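The structure file query.csv is reproduced below (CSV, C-alpha atoms).
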```csv
chain,number,residue,atom,x,y,z
A,288,MET,CA,-21.8,13.9,5.0
A,289,GLU,CA,-18.3,13.4,6.4
A,290,ARG,CA,-16.1,11.4,4.1
A,291,GLY,CA,-15.5,8.4,6.4
A,292,ARG,CA,-19.1,8.1,7.4
A,293,SER,CA,-20.1,8.4,3.8
A,294,ILE,CA,-17.8,5.5,2.9
A,295,GLY,CA,-19.2,3.4,5.7
A,296,VAL,CA,-22.8,4.0,4.6
A,297,ARG,CA,-21.9,3.2,1.0
A,298,LEU,CA,-20.1,0.0,2.1
A,299,ALA,CA,-23.2,-1.0,4.0
A,300,ARG,CA,-25.1,-0.7,0.7
A,301,ARG,CA,-22.5,-3.0,-0.9
A,302,ASP,CA,-21.1,-0.2,-3.1
A,303,GLU,CA,-17.9,-1.7,-4.5
A,304,SER,CA,-16.4,1.7,-5.1
A,305,ALA,CA,-16.6,2.4,-1.4
A,306,LEU,CA,-14.2,-0.4,-0.6
A,307,GLU,CA,-11.7,1.1,-3.0
A,308,ASP,CA,-12.2,4.5,-1.5
A,309,ALA,CA,-11.7,3.1,2.0
A,310,TYR,CA,-8.5,1.4,0.9
A,311,THR,CA,-7.2,4.5,-0.8
A,312,ASP,CA,-8.1,6.9,1.9
A,313,TYR,CA,-7.3,4.9,5.0
A,314,GLY,CA,-5.1,2.1,3.8
A,315,PRO,CA,-1.8,4.0,4.6
A,316,SER,CA,-2.9,4.8,8.1
A,317,VAL,CA,-4.1,1.2,8.8
A,318,LEU,CA,-0.9,-0.1,7.4
A,319,ALA,CA,1.1,2.2,9.7
A,320,TYR,CA,-0.9,0.8,12.7
A,321,LEU,CA,-0.4,-2.8,11.6
A,322,ARG,CA,3.4,-2.3,11.0
A,323,ARG,CA,3.7,-1.2,14.6
A,324,TYR,CA,2.2,-4.4,16.0
A,325,VAL,CA,2.7,-7.2,13.5
A,326,GLY,CA,5.9,-6.0,11.8
A,327,ALA,CA,6.6,-4.8,8.3
A,328,ASP,CA,6.7,-8.4,6.9
A,329,GLU,CA,3.2,-9.3,7.8
A,330,ALA,CA,1.5,-5.9,7.8
A,331,GLU,CA,0.5,-5.9,4.2
A,332,ASP,CA,-1.1,-9.4,4.5
A,333,VAL,CA,-3.0,-8.3,7.6
A,334,LEU,CA,-4.0,-5.1,5.8
A,335,GLN,CA,-5.6,-7.2,3.1
A,336,ARG,CA,-7.4,-9.4,5.6
A,337,THR,CA,-8.6,-6.3,7.3
A,338,PHE,CA,-10.2,-4.9,4.2
A,339,LEU,CA,-11.6,-8.4,3.4
A,340,ASP,CA,-13.4,-8.2,6.8
A,341,VAL,CA,-14.4,-4.6,6.2
A,342,TRP,CA,-16.3,-5.8,3.1
A,343,ARG,CA,-17.6,-8.9,4.7
A,344,HIS,CA,-18.9,-7.0,7.7
A,345,ALA,CA,-19.9,-3.8,6.0
A,346,GLY,CA,-23.5,-4.3,7.0
A,347,ARG,CA,-22.6,-4.0,10.6
A,348,TYR,CA,-21.2,-0.4,10.3
A,349,ASP,CA,-23.3,2.0,12.4
A,350,PRO,CA,-23.3,5.5,10.8
A,351,GLN,CA,-23.5,6.9,14.4
A,352,GLU,CA,-20.0,5.4,14.9
A,353,ARG,CA,-16.8,7.1,13.7
A,354,PHE,CA,-15.8,5.1,10.6
A,355,THR,CA,-12.1,5.1,11.5
A,356,GLY,CA,-12.9,3.7,14.9
A,357,TRP,CA,-14.8,0.9,13.3
A,358,LEU,CA,-12.1,0.3,10.7
A,359,PHE,CA,-9.3,0.3,13.2
A,360,THR,CA,-11.2,-2.1,15.5
A,361,ILE,CA,-11.3,-4.6,12.6
A,362,ALA,CA,-7.6,-4.0,12.0
A,363,HIS,CA,-6.9,-4.5,15.7
A,364,ARG,CA,-8.6,-7.9,15.7
A,365,ARG,CA,-6.7,-9.0,12.6
A,366,ALA,CA,-3.5,-7.9,14.2
A,367,VAL,CA,-4.3,-9.9,17.3
A,368,ASP,CA,-5.0,-12.9,15.1
A,369,ALA,CA,-1.7,-12.4,13.3
A,370,LEU,CA,0.3,-12.2,16.5
A,371,ARG,CA,-1.4,-15.4,17.8
A,372,ALA,CA,-0.5,-17.2,14.6
A,373,GLN,CA,3.1,-16.1,14.6
A,374,ARG,CA,5.4,-18.9,15.4
A,375,HIS,CA,8.6,-16.9,15.5
A,376,ALA,CA,11.2,-17.9,18.0
A,377,VAL,CA,10.9,-14.6,19.8
A,378,VAL,CA,7.6,-12.8,20.2
A,379,ASP,CA,7.8,-9.2,21.5
A,380,MET,CA,5.6,-9.6,24.6
A,381,GLU,CA,5.6,-5.9,25.2
A,382,THR,CA,4.1,-5.4,21.8
A,383,VAL,CA,1.5,-8.1,22.4
A,384,ARG,CA,0.5,-6.6,25.8
A,385,GLU,CA,0.2,-3.2,24.3
A,386,LEU,CA,-2.0,-4.5,21.5
A,387,VAL,CA,-4.3,-6.7,23.5
A,388,GLY,CA,-4.4,-4.9,26.9
A,389,GLU,CA,-5.9,-1.7,28.0
A,390,ASP,CA,-3.3,0.2,26.1
A,391,GLY,CA,-4.5,-1.5,23.0
A,392,ARG,CA,-7.7,0.4,23.0
A,393,GLU,CA,-5.8,3.6,23.5
A,394,ALA,CA,-3.4,2.9,20.6
A,395,LEU,CA,-6.3,2.0,18.4
A,396,GLU,CA,-8.0,5.3,19.1
A,397,ARG,CA,-4.8,7.1,18.6
A,398,PHE,CA,-4.2,5.6,15.2
A,399,ALA,CA,-7.9,6.2,14.3
A,400,ASP,CA,-7.4,9.8,15.3
A,401,ALA,CA,-4.2,10.0,13.2
A,402,ALA,CA,-6.1,8.6,10.2
A,403,ASP,CA,-8.8,11.3,10.6
A,404,VAL,CA,-6.1,14.0,10.7
A,405,ARG,CA,-4.3,12.6,7.8
A,406,HIS,CA,-7.6,12.5,5.8
A,407,ALA,CA,-8.3,16.1,6.8
A,408,LEU,CA,-4.7,17.1,5.7
A,409,ALA,CA,-5.4,15.5,2.3
A,410,ALA,CA,-8.4,17.8,1.9
A,411,LEU,CA,-6.3,20.9,2.3
A,412,PRO,CA,-5.0,23.0,-0.7
A,413,ASN,CA,-1.7,21.5,-1.9
A,414,HIS,CA,0.5,24.4,-0.7
A,415,GLU,CA,-1.0,24.3,2.8
A,416,ARG,CA,-0.8,20.6,3.1
A,417,GLU,CA,2.8,20.6,1.8
A,418,THR,CA,3.8,23.2,4.4
A,419,LEU,CA,2.2,21.3,7.3
A,420,HIS,CA,3.7,18.1,6.2
A,421,LEU,CA,7.2,19.5,6.1
A,422,ALA,CA,6.7,21.1,9.5
A,423,TYR,CA,5.1,18.3,11.4
A,424,PHE,CA,6.2,15.1,9.6
A,425,GLN,CA,9.6,16.2,8.3
A,426,GLU,CA,10.2,18.4,11.4
A,427,LEU,CA,11.6,21.3,9.4
A,428,THR,CA,11.7,24.8,10.8
A,429,GLN,CA,9.7,27.5,9.2
A,430,ALA,CA,12.9,28.9,7.8
A,431,GLU,CA,13.9,25.6,6.4
A,432,ILE,CA,10.6,25.1,4.8
A,433,ALA,CA,10.9,28.6,3.1
A,434,HIS,CA,14.3,27.6,1.8
A,435,ARG,CA,13.1,24.2,0.6
A,436,LEU,CA,10.1,25.6,-1.2
A,437,GLY,CA,11.8,28.8,-2.4
A,438,VAL,CA,9.2,31.1,-0.9
A,439,PRO,CA,9.4,33.9,1.6
A,440,LEU,CA,9.2,33.0,5.3
A,441,GLY,CA,6.0,35.1,5.6
A,442,THR,CA,4.4,32.9,3.0
A,443,VAL,CA,5.3,29.8,4.9
A,444,LYS,CA,3.8,31.2,8.1
A,445,ALA,CA,0.6,32.3,6.4
A,446,ARG,CA,0.2,28.9,4.7
A,447,SER,CA,0.9,27.1,8.0
A,448,SER,CA,-1.5,29.2,9.9
A,449,ARG,CA,-4.3,29.0,7.4
A,450,GLY,CA,-3.7,25.2,6.9
A,451,LEU,CA,-4.0,24.6,10.7
A,452,GLN,CA,-7.1,26.7,10.9
A,453,ARG,CA,-8.7,24.9,8.0
A,454,LEU,CA,-7.8,21.5,9.3
A,455,ALA,CA,-9.3,22.4,12.7
A,456,GLY,CA,-12.4,23.4,10.9
A,457,ILE,CA,-12.6,20.2,9.0
A,458,LEU,CA,-12.2,18.0,12.1
A,459,ARG,CA,-14.6,20.2,14.1
A,460,ALA,CA,-17.3,19.8,11.4
A,461,GLN,CA,-16.8,16.1,11.4
A,462,GLN,CA,-17.2,16.0,15.2
A,463,GLN,CA,-20.3,18.1,15.1
A,464,GLU,CA,-21.7,15.9,12.3
A,465,GLY,CA,-21.1,12.8,14.4
A,466,ALA,CA,-22.7,14.3,17.4
A,467,ARG,CA,-26.0,14.9,15.5
B,152,MET,CA,3.3,45.5,14.7
B,153,SER,CA,0.8,47.7,13.0
B,154,ASP,CA,-3.0,47.6,13.5
B,155,HIS,CA,-3.3,45.6,10.3
B,156,ASP,CA,-0.7,43.1,11.0
B,157,ARG,CA,-1.9,39.7,11.9
B,158,ALA,CA,-0.6,37.8,14.8
B,159,ASP,CA,2.3,35.6,13.9
B,160,VAL,CA,0.5,32.4,14.9
B,161,ALA,CA,2.8,30.1,13.0
B,162,GLY,CA,5.7,31.8,14.7
B,163,LEU,CA,4.2,31.3,18.1
B,164,LEU,CA,3.5,27.7,17.5
B,165,HIS,CA,6.7,26.7,15.8
B,166,GLY,CA,9.2,28.9,17.5
B,167,GLY,CA,11.5,31.2,15.7
B,168,LEU,CA,10.3,34.4,17.5
B,169,ASP,CA,12.4,36.2,20.0
B,170,ASN,CA,11.0,37.1,23.4
B,171,LEU,CA,10.0,40.6,22.3
B,172,GLU,CA,8.1,39.3,19.3
B,173,VAL,CA,6.4,36.6,21.4
B,174,LEU,CA,5.2,39.2,23.9
B,175,ARG,CA,4.1,41.6,21.2
B,176,ASN,CA,2.0,38.9,19.6
B,177,ARG,CA,0.5,38.2,22.9
B,178,GLU,CA,-0.5,41.8,23.3
B,179,HIS,CA,-2.0,41.9,19.8
B,180,LEU,CA,-4.0,38.7,20.4
B,181,ALA,CA,-5.4,40.2,23.6
B,182,SER,CA,-6.8,43.2,21.7
B,183,CYS,CA,-7.8,41.6,18.4
B,184,PRO,CA,-10.7,39.2,18.5
B,185,GLU,CA,-10.3,38.2,14.9
B,186,CYS,CA,-6.7,37.2,15.4
B,187,ARG,CA,-7.5,35.6,18.7
B,188,ASP,CA,-10.1,33.3,17.0
B,189,ALA,CA,-7.6,32.5,14.2
B,190,ALA,CA,-5.0,31.7,16.8
B,191,LEU,CA,-7.4,29.4,18.6
B,192,ASP,CA,-8.2,27.5,15.5
B,193,ALA,CA,-4.5,27.3,14.6
B,194,LEU,CA,-3.7,26.0,18.1
B,195,VAL,CA,-6.4,23.3,17.8
B,196,GLY,CA,-5.0,22.3,14.3
B,197,HIS,CA,-1.5,22.3,15.7
B,198,ALA,CA,-2.5,19.9,18.6
B,199,LEU,CA,-4.3,17.6,16.1
B,200,VAL,CA,-1.4,17.4,13.6
B,201,GLN,CA,1.3,17.2,16.3
B,202,ARG,CA,-0.4,14.2,17.9
B,203,ALA,CA,-1.0,12.5,14.5
B,204,ALA,CA,2.6,13.0,13.6
B,205,GLY,CA,3.8,11.6,16.9
B,206,THR,CA,1.6,8.5,16.4
B,207,LEU,CA,2.9,7.9,12.9
B,208,SER,CA,6.5,9.0,13.6
B,209,ASP,CA,8.0,5.5,14.0
B,210,ASN,CA,7.2,4.2,10.6
B,211,ALA,CA,7.8,5.1,7.0
B,212,PHE,CA,4.5,6.8,6.4
B,213,ALA,CA,5.4,9.6,8.7
B,214,ARG,CA,8.1,10.5,6.3
B,215,ASP,CA,6.2,10.2,3.1
B,216,LYS,CA,4.1,12.7,1.3
B,217,LEU,CA,0.5,12.3,2.3
B,218,SER,CA,-0.5,10.6,-0.9
B,219,ALA,CA,2.7,8.7,-1.2
B,220,GLU,CA,3.3,5.1,-2.1
B,221,PRO,CA,3.9,2.5,0.6
B,222,ASP,CA,7.2,0.8,1.1
B,223,ALA,CA,7.6,-2.3,-1.0
B,224,PRO,CA,7.0,-5.5,1.0
B,225,ARG,CA,10.4,-6.7,2.1
B,226,ARG,CA,9.6,-10.2,3.1
B,227,PRO,CA,10.1,-13.2,0.8
B,228,LEU,CA,7.3,-14.8,-1.0
B,229,GLY,CA,4.8,-17.0,0.7
B,230,SER,CA,5.6,-20.5,1.9
B,231,LEU,CA,3.1,-22.4,-0.2
B,232,PRO,CA,4.7,-24.2,-3.1
B,233,GLY,CA,4.4,-22.4,-6.5
B,234,ARG,CA,2.5,-19.6,-4.9
B,235,HIS,CA,3.6,-16.0,-5.1
B,236,ARG,CA,2.3,-13.0,-3.3
B,237,ARG,CA,1.7,-9.8,-5.1
B,238,SER,CA,4.9,-8.0,-5.8
B,239,ALA,CA,5.2,-4.5,-4.5
B,240,THR,CA,2.6,-2.2,-5.8
B,241,VAL,CA,1.6,1.3,-5.3
B,242,LEU,CA,-1.0,1.4,-2.5
B,243,LEU,CA,-3.3,3.5,-4.6
B,244,VAL,CA,-3.1,1.2,-7.5
B,245,ALA,CA,-3.4,-1.8,-5.3
B,246,ALA,CA,-6.7,-0.5,-4.1
B,247,SER,CA,-8.4,-1.8,-7.2
B,248,LEU,CA,-6.7,-5.1,-6.9
B,249,VAL,CA,-7.8,-5.5,-3.4
B,250,VAL,CA,-11.3,-4.6,-4.3
B,251,ALA,CA,-11.3,-7.2,-7.1
B,252,ALA,CA,-9.8,-9.8,-4.9
B,253,VAL,CA,-12.1,-9.1,-2.0
B,254,LEU,CA,-15.2,-9.2,-4.2
B,255,VAL,CA,-14.1,-12.4,-6.0
B,256,GLY,CA,-13.1,-14.0,-2.8
B,257,VAL,CA,-16.1,-12.9,-0.7
B,258,LEU,CA,-19.0,-12.8,-3.1
B,259,ARG,CA,-19.8,-16.5,-3.1
B,260,PRO,CA,-22.6,-18.3,-1.4
B,261,GLY,CA,-22.4,-18.4,2.3
B,262,ALA,CA,-19.4,-16.1,2.4
B,263,ASP,CA,-21.2,-13.0,3.4
B,264,GLY,CA,-22.4,-14.1,6.8
B,265,GLY,CA,-25.5,-15.7,5.4
B,266,GLY,CA,-26.0,-18.4,8.0
B,267,THR,CA,-24.9,-22.0,8.8
B,268,PRO,CA,-23.4,-23.9,5.9
B,269,ALA,CA,-25.6,-26.8,4.7
B,270,ALA,CA,-24.2,-30.4,4.2
B,271,ARG,CA,-21.7,-30.3,1.4
B,272,ALA,CA,-18.6,-32.0,0.1
B,273,ALA,CA,-15.6,-31.1,-1.9
B,274,THR,CA,-12.9,-33.1,-3.7
B,275,LEU,CA,-9.3,-32.6,-2.6
B,276,GLU,CA,-7.2,-32.6,-5.7
B,277,PRO,CA,-3.6,-33.8,-5.6
B,278,LEU,CA,-0.8,-31.3,-5.8
B,279,VAL,CA,1.9,-34.0,-5.3
B,280,GLY,CA,1.6,-37.6,-6.4
B,281,ASP,CA,-1.5,-39.5,-7.5
B,282,GLY,CA,-3.5,-39.5,-4.4
B,283,GLY,CA,-6.7,-37.7,-3.7
B,284,GLY,CA,-9.2,-37.0,-1.0
B,285,ARG,CA,-12.6,-35.6,-0.1
B,286,VAL,CA,-13.9,-33.4,2.6
B,287,SER,CA,-17.5,-33.7,3.8
B,288,MET,CA,-19.0,-31.0,5.9
B,289,THR,CA,-22.1,-31.2,8.0
B,290,GLY,CA,-23.6,-28.3,9.9
B,291,SER,CA,-24.5,-28.9,13.6
B,292,GLY,CA,-25.7,-25.9,15.6
B,293,SER,CA,-23.2,-23.1,15.2
B,294,ALA,CA,-20.4,-25.4,14.1
B,295,THR,CA,-19.6,-27.7,11.2
B,296,ARG,CA,-18.2,-31.1,11.3
B,297,MET,CA,-15.5,-31.7,8.6
B,298,VAL,CA,-14.5,-35.2,7.7
B,299,ILE,CA,-11.4,-35.6,5.6
B,300,ALA,CA,-10.8,-38.8,3.8
B,301,THR,CA,-7.6,-39.4,1.7
B,302,HIS,CA,-6.3,-42.2,-0.5
B,303,ASP,CA,-3.0,-43.1,-2.2
B,304,LEU,CA,-1.0,-40.4,-0.6
B,305,PRO,CA,2.8,-40.7,-0.8
B,306,ALA,CA,4.3,-42.9,1.8
B,307,LEU,CA,5.6,-41.2,4.9
B,308,ARG,CA,9.0,-41.4,6.5
B,309,GLU,CA,9.0,-42.1,10.3
B,310,ASP,CA,9.3,-38.4,11.1
B,311,GLU,CA,6.6,-37.2,8.7
B,312,PHE,CA,2.9,-36.8,8.9
B,313,TYR,CA,0.0,-35.2,7.1
B,314,TYR,CA,-1.7,-32.2,8.4
B,315,ALA,CA,-5.0,-30.4,7.5
B,316,TRP,CA,-5.5,-26.7,7.3
B,317,LEU,CA,-8.3,-24.3,6.4
B,318,LEU,CA,-7.0,-21.9,3.7
B,319,GLU,CA,-8.2,-18.6,2.3
B,320,PRO,CA,-6.4,-18.5,-1.1
B,321,ILE,CA,-6.7,-14.8,-1.7
B,322,THR,CA,-5.1,-13.6,1.5
B,323,GLU,CA,-3.3,-16.9,2.2
B,324,LYS,CA,-4.6,-16.9,5.7
B,325,MET,CA,-4.4,-20.4,7.2
B,326,LEU,CA,-5.9,-22.1,10.2
B,327,PRO,CA,-4.4,-25.3,11.5
B,328,LEU,CA,-7.0,-28.1,11.9
B,329,GLY,CA,-5.0,-31.2,12.9
B,330,GLN,CA,-3.2,-34.3,11.9
B,331,VAL,CA,-4.6,-36.5,9.1
B,332,GLY,CA,-4.0,-40.1,9.9
B,333,PRO,CA,-4.1,-43.1,7.5
B,334,SER,CA,-7.9,-43.3,7.9
B,335,GLY,CA,-8.5,-39.6,7.6
B,336,ALA,CA,-9.5,-37.1,10.2
B,337,SER,CA,-12.5,-35.2,11.5
B,338,PHE,CA,-12.7,-31.8,13.0
B,339,GLU,CA,-15.4,-29.6,14.4
B,340,VAL,CA,-15.0,-25.9,13.3
B,341,SER,CA,-17.2,-23.0,14.4
B,342,ASP,CA,-19.1,-21.5,11.6
B,343,ALA,CA,-17.7,-18.1,12.4
B,344,LEU,CA,-14.2,-19.4,11.8
B,345,LEU,CA,-15.2,-21.4,8.8
B,346,GLU,CA,-16.7,-18.3,7.2
B,347,GLY,CA,-13.2,-16.8,7.0
B,348,TYR,CA,-11.9,-19.6,4.7
B,349,SER,CA,-12.8,-21.3,1.5
B,350,ALA,CA,-10.5,-24.2,1.0
B,351,VAL,CA,-9.0,-27.3,2.7
B,352,ASP,CA,-5.3,-27.9,2.4
B,353,VAL,CA,-3.4,-31.1,3.4
B,354,SER,CA,0.3,-30.6,3.8
B,355,LEU,CA,3.2,-32.9,4.3
B,356,GLU,CA,4.9,-32.0,7.6
B,357,ALA,CA,8.1,-33.1,9.4
B,358,ASP,CA,8.3,-33.6,13.1
B,359,ASP,CA,10.9,-30.8,13.4
B,360,GLY,CA,9.1,-28.6,16.0
B,361,ASP,CA,8.2,-26.0,13.4
B,362,PRO,CA,4.4,-25.5,13.6
B,363,GLN,CA,4.3,-23.4,10.4
B,364,HIS,CA,2.8,-24.9,7.2
B,365,SER,CA,5.6,-26.7,5.3
B,366,PRO,CA,6.4,-25.8,1.7
B,367,THR,CA,4.6,-29.0,0.5
B,368,SER,CA,0.9,-29.1,0.1
B,369,VAL,CA,-0.3,-32.5,-1.2
B,370,LEU,CA,-4.0,-32.0,-1.4
B,371,ARG,CA,-6.3,-29.0,-1.8
B,372,GLY,CA,-9.9,-28.4,-2.5
B,373,SER,CA,-12.3,-25.5,-2.3
B,374,TYR,CA,-15.5,-26.0,-0.4
B,375,ALA,CA,-17.1,-22.6,-0.8
```
Let me see the file written as structure tokens.
Amino acid sequence: MERGRSIGVRLARRDESALEDAYTDYGPSVLAYLRRYVGADEAEDVLQRTFLDVWRHAGRYDPQERFTGWLFTIAHRRAVDALRAQRHAVVDMETVRELVGEDGREALERFADAADVRHALAALPNHERETLHLAYFQELTQAEIAHRLGVPLGTVKARSSRGLQRLAGILRAQQQEGAR
Amino acid sequence: MSDHDRADVAGLLHGGLDNLEVLRNREHLASCPECRDAALDALVGHALVQRAAGTLSDNAFARDKLSAEPDAPRRPLGSLPGRHRRSATVLLVAASLVVAAVLVGVLRPGADGGGTPAARAATLEPLVGDGGGRVSMTGSGSATRMVIATHDLPALREDEFYYAWLLEPITEKMLPLGQVGPSGASFEVSDALLEGYSAVDVSLEADDGDPQHSPTSVLRGSYA
């Protein structure tokens, strides 16, 4: 069973280790989402409230649903609560509109997608993951990666290509599993 | 490119090939089903990672290693007196703390969505001065009536008042209820909201236009 769905099923069974796994696997991605909307100062607090709700409402998780979608929906609601409770002199209305409006759903799905990709990247062999991280998140060229890692350019290209193929396979398998 | 050469998929995706190399790779892919399939998967992976990187690109996690530690929380400690939020911790290590906190905070009667709270009461212990109080809670439909009674609270200045809050001590989430007058106060709170908190807090507030909880809590009691 796909990892996220497995965590959701275990949470529904009140498996305490599942909460820790969820926090470990998806906490960084949820925090990234929350930082975007509630700011760095509040994001960690809202993150904790999010996982509090994850545990509280674990019985409502439907295994037919993508786990990250369910998780980020909870995070979205806690973010909205946090924005409503904010009493700062200036509230970024553009951020509020983006969060609660039609765009909010799109952003939620985008971050949930990013969390799934991030999770798939974590499943790659170290050298492939490292290569892709440097290319896509650090925006290094293939030559720069080769220089950074002290390996031939051809090695970087091979790792990159294999890593991308493997990642596509992981996400494809998750999608097929969800469709069953 | 020899017959055994693979297409330079990474080069096609990330640049770094000159025009001639790009066109040669195209020709190879057209004639090599194996490389074409590999290129297709790599293209899909590229699209997935590219979008994820773009989504995460405006925050620190896009720059971290995938198993990295989060940035330390930068904001000052919480506003409640004598209360300190957790200092910066590694997210992975904090997972166990969150789990413990969640389970301690949530695994109590009525906290897991198990229905309307029955009639109950709790003592509000003083945090400042010698006063005290009590909160009585009575379920009614999908809401709970909360009646707060206080005694011997410190005298107020003209511009001060007492205010009641619902509090979740673990996450320090607060919900404002309303002003507590000399004869107490009563509020009706939906059970759905009540479920998210476990304590009542009474604070000393100043009429300064700031709606946030002041640094001074005078009474507090857990009802769950």
Quiz item: Do you know which residues are at most 7 Å from range 303-319 of chain B counting all atoms listed in the file, after dropping those on the same chain fewer than 2 positions away, and could you put them as an MDAnalysis selection string?
Solution: chainID B and resid 280:283 321:332 348:358
Given all atoms listed in the file, how would the per-residue table for chain A near chain B read, listing every residue at most 6 Å away with its closest atom pair and distance in Å to one decimal, sorted by chain and number, as CSV?
```
residue,atom,partner,partner_atom,distance
A:Glu307,CA,B:Ala246,CA,5.4
A:Tyr310,CA,B:Ala246,CA,5.6
A:Thr311,CA,B:Leu243,CA,5.5
A:Asp328,CA,B:Arg226,CA,5.1
A:Leu339,CA,B:Val253,CA,5.5
A:Arg343,CA,B:Asp263,CA,5.6
A:Ala401,CA,B:Ala203,CA,4.3
A:Phe424,CA,B:Ala213,CA,5.6
A:Lys444,CA,B:Ala161,CA,5.1
A:Ser448,CA,B:Ala161,CA,5.4
A:Leu451,CA,B:Gly196,CA,4.4
A:Gln452,CA,B:Ala193,CA,4.6
A:Leu454,CA,B:Gly196,CA,5.8
A:Ala455,CA,B:Gly196,CA,4.6
```
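The gap separating CA of Ala369 in chain A from CA of Asp308 in chain A is 24.8 Å, in Å to one decimal.
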Practice problem: Can you work out the spacing between CA of Trp342 in chain A and CA of Tyr313 in chain A in Å, to one decimal? | Solution: 14.1 Å
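CA of His363 in chain A to CA of Ser365 in chain B spans 27.5 Å [interatomic distance, one decimal].
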